[in-house]
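**Student:** Have a look at this one before I ask anything.
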Amino acid sequence: MTIAVTGATGHLGRLIVESLLARGVPAGDIVATGRATERIADLADRGVVVRPADYLDPESLDAAFAGVGTLVLVSSGDFADRAGQHAAAVDAAKRAGVGRVAYTSIANADTSTLLLAHDHQATEAYLRASGLPFTFLRNGWYTENYSAQLPTYLAHGVAGSAGDGVANIAARADYAEAAAVVATTEGHEGKAYELGGQGVTLADIAAIASEVTGQEIAYTDLPLEVLTGILVGAGLPEPVAAVYADADRGIKAGELAVDPSVLEGLIGRPATPVLDTFKAAAAG
Ligand SMILES: NC(=O)c1ccc[n+]([C@@H]2O[C@H](COP(=O)([O-])OP(=O)(O)OC[C@H]3O[C@@H](n4cnc5c(N)ncnc54)[C@H](OP(=O)(O)O)[C@@H]3O)[C@@H](O)[C@H]2O)c1
């Protein structure tokens, strides 16, 4: 049975393809899609079927999803009408006769007030209404959202507005493995998995960053508008800065807290310890 992955040209999608291969799915049964397919030429060399697909180009989606049984729809990295892009993918999946769709959503999508959640909520509703069998992989925060900022933390410390809110975070590879499990095993139809790993506060992140760098890195909690201003000062467009800062508001309110046993149950092991992901980032 053919499994297609969108966003395979990005971080998470590529890791999902790697997880499918690691689980023994024949390379020729995997369709890796995205726009910048030159980035996954190495997957084609390994026998993975690489097809260009642009959410804004329905014909490309029709060609990419032809003959596909299961679609792993990785949410788009382009935030301009993201829900519309996902709807186009769902429509194409329906036209292609795809058997089921697993969509990478956001933790606690049913109740989330995060600005980031709106597109996911709209996509979940659209997928439900499509009549296609679906599974929602409601991913929590990536640990890499933090570990990738090690150089900034070293220079300026950890700054945020999450107070002592706890978020359950996991490495992209953990979420990828969960997606691969759902795509290759039965019994996931109609289910929404709230996925996350270790529960951490931003003070914990600062402590972990201190541990891996050997330098004292502190967490400074800031009012939301101050954090937004800092992000704008760092070069983010104001609406993007507002969305990032809003995520800290959500973390403070516990909106990215989930039970880690759900991810653990899917992948058969605990999520990667946050310290390990930071050690890997520090190593290079
Ligand atoms: N849970 C979290 O902490 C978190 C953090 C950041 C993002 N996210 C969400 O999770 C998704 C996957 O994360 P990631 O780290 O893998 O992001 P990423 O590396 O930025 O990948 C984003 C993917 O979206 C694809 N894309 C963008 N516009 C597209 C279009 N018009 N048609 C088809 N594909 C398009 C990109 O393909 P091309 O490069 O080929 O255009 C790329 O493969 C993100 O896109 C975002 O929605 C979650």
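In the structure tokens, chains take letters A, B, ... by order of appearance, with residues numbered from 1 within each chain and ligands from 1 in the order shown.
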Taking only C-alpha atoms and all ligand atoms and a cut-off of 8 Å, can you tell me which residues surround ligand 1, written as number ranges by chain?
**Tutor:** A: 6-14, 33-37, 39, 53-57, 74-79, 85, 104-106, 139-145, 172
**Student:** Any chance you can output those residues with N, CA and C atoms as a JSON list (two decimals), in the first residue's frame?
**Tutor:**
```json
[["chain", "number", "residue", "atom", "x", "y", "z"],
["A", 6, "THR", "N", 3.31, 14.64, 2.59],
["A", 6, "THR", "CA", 3.54, 16.01, 2.12],
["A", 6, "THR", "C", 4.58, 16.66, 3.04],
["A", 7, "GLY", "N", 5.15, 17.75, 2.58],
["A", 7, "GLY", "CA", 6.17, 18.43, 3.40],
["A", 7, "GLY", "C", 7.43, 17.60, 3.56],
["A", 8, "ALA", "N", 7.63, 16.62, 2.67],
["A", 8, "ALA", "CA", 8.83, 15.75, 2.79],
["A", 8, "ALA", "C", 10.10, 16.52, 2.47],
["A", 9, "THR", "N", 9.94, 17.70, 1.87],
["A", 9, "THR", "CA", 11.10, 18.56, 1.61],
["A", 9, "THR", "C", 11.47, 19.36, 2.86],
["A", 10, "GLY", "N", 10.65, 19.27, 3.90],
["A", 10, "GLY", "CA", 10.91, 19.98, 5.16],
["A", 10, "GLY", "C", 11.44, 19.01, 6.21],
["A", 11, "HIS", "N", 11.60, 19.55, 7.42],
["A", 11, "HIS", "CA", 12.23, 18.76, 8.49],
["A", 11, "HIS", "C", 11.38, 17.55, 8.91],
["A", 12, "LEU", "N", 10.12, 17.83, 9.28],
["A", 12, "LEU", "CA", 9.29, 16.75, 9.83],
["A", 12, "LEU", "C", 8.96, 15.70, 8.76],
["A", 13, "GLY", "N", 8.56, 16.18, 7.58],
["A", 13, "GLY", "CA", 8.17, 15.24, 6.52],
["A", 13, "GLY", "C", 9.32, 14.30, 6.15],
["A", 14, "ARG", "N", 10.53, 14.87, 6.05],
["A", 14, "ARG", "CA", 11.68, 14.01, 5.72],
["A", 14, "ARG", "C", 11.86, 12.93, 6.80],
["A", 33, "THR", "N", 6.58, 14.12, -1.14],
["A", 33, "THR", "CA", 6.17, 15.28, -1.93],
["A", 33, "THR", "C", 6.54, 16.60, -1.27],
["A", 34, "GLY", "N", 6.57, 17.63, -2.07],
["A", 34, "GLY", "CA", 6.86, 18.99, -1.62],
["A", 34, "GLY", "C", 7.10, 19.81, -2.88],
["A", 35, "ARG", "N", 7.40, 21.09, -2.68],
["A", 35, "ARG", "CA", 7.71, 21.90, -3.86],
["A", 35, "ARG", "C", 9.18, 21.77, -4.24],
["A", 36, "ALA", "N", 10.06, 21.95, -3.28],
["A", 36, "ALA", "CA", 11.49, 21.98, -3.57],
["A", 36, "ALA", "C", 12.06, 20.56, -3.58],
["A", 37, "THR", "N", 11.63, 19.78, -4.59],
["A", 37, "THR", "CA", 11.98, 18.35, -4.57],
["A", 37, "THR", "C", 13.48, 18.12, -4.76],
["A", 39, "ARG", "N", 15.57, 19.13, -2.90],
["A", 39, "ARG", "CA", 16.09, 18.92, -1.54],
["A", 39, "ARG", "C", 15.99, 17.45, -1.11],
["A", 53, "ALA", "N", 4.66, 18.57, -5.46],
["A", 53, "ALA", "CA", 3.27, 18.89, -5.10],
["A", 53, "ALA", "C", 3.25, 20.24, -4.43],
["A", 54, "ASP", "N", 2.39, 21.11, -4.97],
["A", 54, "ASP", "CA", 2.23, 22.45, -4.40],
["A", 54, "ASP", "C", 0.76, 22.58, -3.99],
["A", 55, "TYR", "N", 0.51, 22.92, -2.73],
["A", 55, "TYR", "CA", -0.88, 23.05, -2.27],
["A", 55, "TYR", "C", -1.66, 24.06, -3.10],
["A", 56, "LEU", "N", -0.93, 24.98, -3.72],
["A", 56, "LEU", "CA", -1.60, 26.03, -4.51],
["A", 56, "LEU", "C", -1.84, 25.60, -5.95],
["A", 57, "ASP", "N", -1.47, 24.37, -6.28],
["A", 57, "ASP", "CA", -1.56, 23.88, -7.66],
["A", 57, "ASP", "C", -2.27, 22.51, -7.64],
["A", 74, "VAL", "N", 1.32, 16.75, 6.19],
["A", 74, "VAL", "CA", 2.10, 17.58, 7.12],
["A", 74, "VAL", "C", 1.70, 19.03, 6.91],
["A", 75, "SER", "N", 1.34, 19.69, 7.99],
["A", 75, "SER", "CA", 0.84, 21.07, 7.86],
["A", 75, "SER", "C", 1.87, 21.96, 7.17],
["A", 76, "SER", "N", 1.37, 22.90, 6.39],
["A", 76, "SER", "CA", 2.23, 23.72, 5.54],
["A", 76, "SER", "C", 3.07, 24.70, 6.34],
["A", 77, "GLY", "N", 4.24, 24.97, 5.81],
["A", 77, "GLY", "CA", 5.11, 25.98, 6.41],
["A", 77, "GLY", "C", 4.81, 27.38, 5.91],
["A", 78, "ASP", "N", 3.88, 27.50, 4.97],
["A", 78, "ASP", "CA", 3.48, 28.81, 4.44],
["A", 78, "ASP", "C", 2.19, 29.21, 5.15],
["A", 79, "PHE", "N", 2.28, 30.29, 5.94],
["A", 79, "PHE", "CA", 1.14, 30.63, 6.79],
["A", 79, "PHE", "C", 0.08, 31.49, 6.10],
["A", 85, "GLN", "N", -4.77, 25.90, 1.95],
["A", 85, "GLN", "CA", -3.81, 24.97, 1.34],
["A", 85, "GLN", "C", -4.13, 23.53, 1.75],
["A", 104, "THR", "N", -1.07, 16.32, 10.59],
["A", 104, "THR", "CA", -0.29, 16.81, 11.74],
["A", 104, "THR", "C", -0.88, 18.12, 12.23],
["A", 105, "SER", "N", -1.62, 18.04, 13.32],
["A", 105, "SER", "CA", -2.33, 19.17, 13.89],
["A", 105, "SER", "C", -1.56, 19.73, 15.08],
["A", 106, "ILE", "N", -2.26, 20.38, 15.98],
["A", 106, "ILE", "CA", -1.62, 20.99, 17.16],
["A", 106, "ILE", "C", -2.24, 20.41, 18.43],
["A", 139, "ASN", "N", 0.38, 17.34, 17.29],
["A", 139, "ASN", "CA", 1.74, 17.49, 17.79],
["A", 139, "ASN", "C", 1.89, 18.67, 18.75],
["A", 140, "GLY", "N", 2.62, 18.42, 19.82],
["A", 140, "GLY", "CA", 3.03, 19.50, 20.72],
["A", 140, "GLY", "C", 4.24, 20.22, 20.14],
["A", 141, "TRP", "N", 4.85, 21.05, 20.95],
["A", 141, "TRP", "CA", 6.03, 21.81, 20.50],
["A", 141, "TRP", "C", 7.20, 20.89, 20.19],
["A", 142, "TYR", "N", 7.96, 21.27, 19.19],
["A", 142, "TYR", "CA", 9.22, 20.57, 18.93],
["A", 142, "TYR", "C", 10.27, 21.03, 19.95],
["A", 143, "THR", "N", 11.03, 20.11, 20.48],
["A", 143, "THR", "CA", 12.16, 20.50, 21.34],
["A", 143, "THR", "C", 13.12, 21.39, 20.54],
["A", 144, "GLU", "N", 13.20, 21.11, 19.24],
["A", 144, "GLU", "CA", 14.13, 21.89, 18.39],
["A", 144, "GLU", "C", 13.74, 23.37, 18.31],
["A", 145, "ASN", "N", 12.46, 23.71, 18.60],
["A", 145, "ASN", "CA", 12.11, 25.13, 18.64],
["A", 145, "ASN", "C", 13.02, 25.86, 19.63],
["A", 172, "ARG", "N", 11.41, 16.35, 16.88],
["A", 172, "ARG", "CA", 10.66, 16.11, 15.63],
["A", 172, "ARG", "C", 10.67, 14.62, 15.29]]
```
**Student:** Name the residues of stretch 45-257 of chain A that fall into strand (DSSP E or B) according to DSSP on the backbone, using the chain letters and numbers of this document, as a PyMOL selection string.
**Tutor:** chain A and resi 49-52+70-73+100-106+134-139+142+158-160+167-170+191-195+198-200+219-221
**Student:** Give me the residues of stretch 73-189 of chain A that have any atom at most 12 Å from an atom of stretch 247-265 of chain A; for each, the nearest atom pair and the distance in Å, rounded to one decimal. Use only C-alpha atoms, sort by chain and number, and format it as a tab-separated table.
**Tutor:**
```
residue	atom	partner	partner_atom	distance
A:Ile106	CA	A:Leu256	CA	8.6
A:Ala107	CA	A:Leu256	CA	6.0
A:Asn108	CA	A:Glu255	CA	6.8
A:Ala109	CA	A:Glu255	CA	9.1
A:Asp110	CA	A:Glu255	CA	10.6
A:Thr111	CA	A:Glu255	CA	8.2
A:Ser112	CA	A:Glu255	CA	6.1
A:Thr113	CA	A:Gly250	CA	7.1
A:Leu114	CA	A:Gly250	CA	5.9
A:Leu115	CA	A:Ala247	CA	7.5
A:Leu116	CA	A:Ala247	CA	7.5
A:Ala117	CA	A:Ala247	CA	9.6
A:Leu137	CA	A:Leu263	CA	9.7
A:Arg138	CA	A:Val258	CA	10.0
A:Asn139	CA	A:Leu256	CA	9.2
A:Gly140	CA	A:Leu256	CA	6.1
A:Trp141	CA	A:Leu256	CA	7.3
A:Tyr142	CA	A:Leu256	CA	10.9
A:Asn145	CA	A:Ala247	CA	11.8
A:Ala159	CA	A:Asp248	CA	10.4
A:Gly160	CA	A:Asp248	CA	6.7
A:Ser161	CA	A:Asp248	CA	5.3
A:Ala162	CA	A:Lys252	CA	4.3
A:Gly163	CA	A:Lys252	CA	5.6
A:Asp164	CA	A:Lys252	CA	6.4
A:Gly165	CA	A:Lys252	CA	3.9
A:Val166	CA	A:Ala257	CA	6.1
A:Ala167	CA	A:Ala257	CA	4.7
A:Asn168	CA	A:Ala257	CA	5.1
A:Ile169	CA	A:Leu256	CA	8.3
A:Ala170	CA	A:Leu263	CA	9.1
A:Ala171	CA	A:Leu263	CA	11.3
A:Ala173	CA	A:Leu263	CA	11.7
A:Asp174	CA	A:Leu263	CA	7.9
A:Tyr175	CA	A:Leu263	CA	7.8
A:Ala176	CA	A:Leu263	CA	10.7
A:Glu177	CA	A:Leu263	CA	9.4
A:Ala178	CA	A:Leu263	CA	6.8
A:Ala179	CA	A:Leu263	CA	10.1
A:Val181	CA	A:Gly265	CA	10.5
A:Val182	CA	A:Leu263	CA	11.2
```
**Student:** May I ask for the distance between atom CA of A:Ile267 and atom CA of A:Val25, given in Å to one decimal place?
**Tutor:**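 For atom CA of A:Ile267 relative to atom CA of A:Val25, the distance reads 16.1 Å.
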**Student:** Using only C-alpha atoms, which residue out of A:Pro273, A:Gly47, A:Gly97, A:Pro26 lies closest to A:Gly196?
**Tutor:** A:Pro273
**Student:** What's the 9 Å shell around A:Gly67, counting only C-alpha atoms, without same-chain residues fewer than 3 positions away, as a list in words?
**Tutor:** Met1, Thr2, Ala64, Ala96, Gly97 and Val98 of chain A
**Student:** From the set A:Ala148, A:Leu132, A:Ala282, A:Ala122, which residue has the shortest atom-to-atom contact distance to A:Gly214, counting only C-alpha atoms?
**Tutor:**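 Of the candidates, the smallest distance to A:Gly214 is held by A:Ala282.
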**Student:** Just asking: which residues within stretch 72-149 of chain A are alpha helix (DSSP H) according to DSSP, as a VMD selection string?
**Tutor:** chain A and resid 82 to 96 117 to 130 144 to 147
**Student:** Quick one: of A:Ser19, A:Val240, A:Thr123, A:Tyr146, who's nearest to A:Phe278, counting only C-alpha atoms?
**Tutor:**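 The closest residue to A:Phe278 is A:Tyr146.
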**Student:** For A:Ala88, find every residue with an atom within 7 Å (counting only C-alpha atoms), except residues of its own chain fewer than 4 positions away, and show them as an MDAnalysis selection string.
**Tutor:** chainID A and resid 55 58 84 92
**Student:** Let me see the file: selected residues, N, CA, C and O atoms, as a PDB file, in the first residue's frame.
**Tutor:**
```
ATOM      1  N   TYR A  55       0.510  22.921  -2.732  1.00  0.00           N
ATOM      2  CA  TYR A  55      -0.878  23.047  -2.269  1.00  0.00           C
ATOM      3  C   TYR A  55      -1.657  24.062  -3.097  1.00  0.00           C
ATOM      4  O   TYR A  55      -2.882  24.016  -3.138  1.00  0.00           O
ATOM      5  N   PRO A  58      -3.627  22.534  -7.757  1.00  0.00           N
ATOM      6  CA  PRO A  58      -4.410  21.290  -7.616  1.00  0.00           C
ATOM      7  C   PRO A  58      -3.951  20.183  -8.569  1.00  0.00           C
ATOM      8  O   PRO A  58      -3.980  19.007  -8.201  1.00  0.00           O
ATOM      9  N   GLY A  84      -6.592  26.957   3.771  1.00  0.00           N
ATOM     10  CA  GLY A  84      -6.982  26.787   2.368  1.00  0.00           C
ATOM     11  C   GLY A  84      -6.052  25.823   1.644  1.00  0.00           C
ATOM     12  O   GLY A  84      -6.505  25.006   0.828  1.00  0.00           O
ATOM     13  N   ALA A  92      -7.937  17.053  -3.053  1.00  0.00           N
ATOM     14  CA  ALA A  92      -7.185  16.232  -4.012  1.00  0.00           C
ATOM     15  C   ALA A  92      -7.115  14.781  -3.540  1.00  0.00           C
ATOM     16  O   ALA A  92      -7.218  13.849  -4.361  1.00  0.00           O
TER      17      ALA A  92
END
```
**Student:** Identify which of the residues A:Glu238, A:Glu211, A:Asp81, A:Asp119 lies closest to A:Asp276, counting only C-alpha atoms when measuring atom-to-atom distances.
**Tutor:** A:Glu211
**Student:** Restricting the calculation to only C-alpha atoms: of A:Tyr126, A:Ala280, A:Leu73, A:Gly131, which residue gets closest to A:Lys94?
**Tutor:**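 Using only C-alpha atoms, A:Lys94 sits closest to A:Gly131.
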**Student:** For A:Glu124, which residue out of A:Ala22, A:Ala192, A:Ile205, A:Ile40 is the nearest one, using only C-alpha atoms?
**Tutor:** A:Ala192
**Student:** Can you tell me which residues surround A:Pro133 at a distance of at most 8 Å, considering only C-alpha atoms, apart from same-chain residues fewer than 2 positions away, and format the answer as a list in words?
**Tutor:**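 Near A:Pro133, the qualifying residues are Gly99, Arg100, Val101, Arg128, Gly131, Thr135, Glu189 and Gly190 of chain A.
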**Student:** What does the structure give for the distance between atom CA of A:His118 and atom CA of A:His86, in Å to one decimal?
**Tutor:**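 Separation between atom CA of A:His118 and atom CA of A:His86: 12.5 Å.
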**Student:** Atom CA of A:Ala180 and atom CA of A:Ala63, how far apart in Å?
**Tutor:**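 Going from atom CA of A:Ala63 over to atom CA of A:Ala180, I get 22.5 Å.
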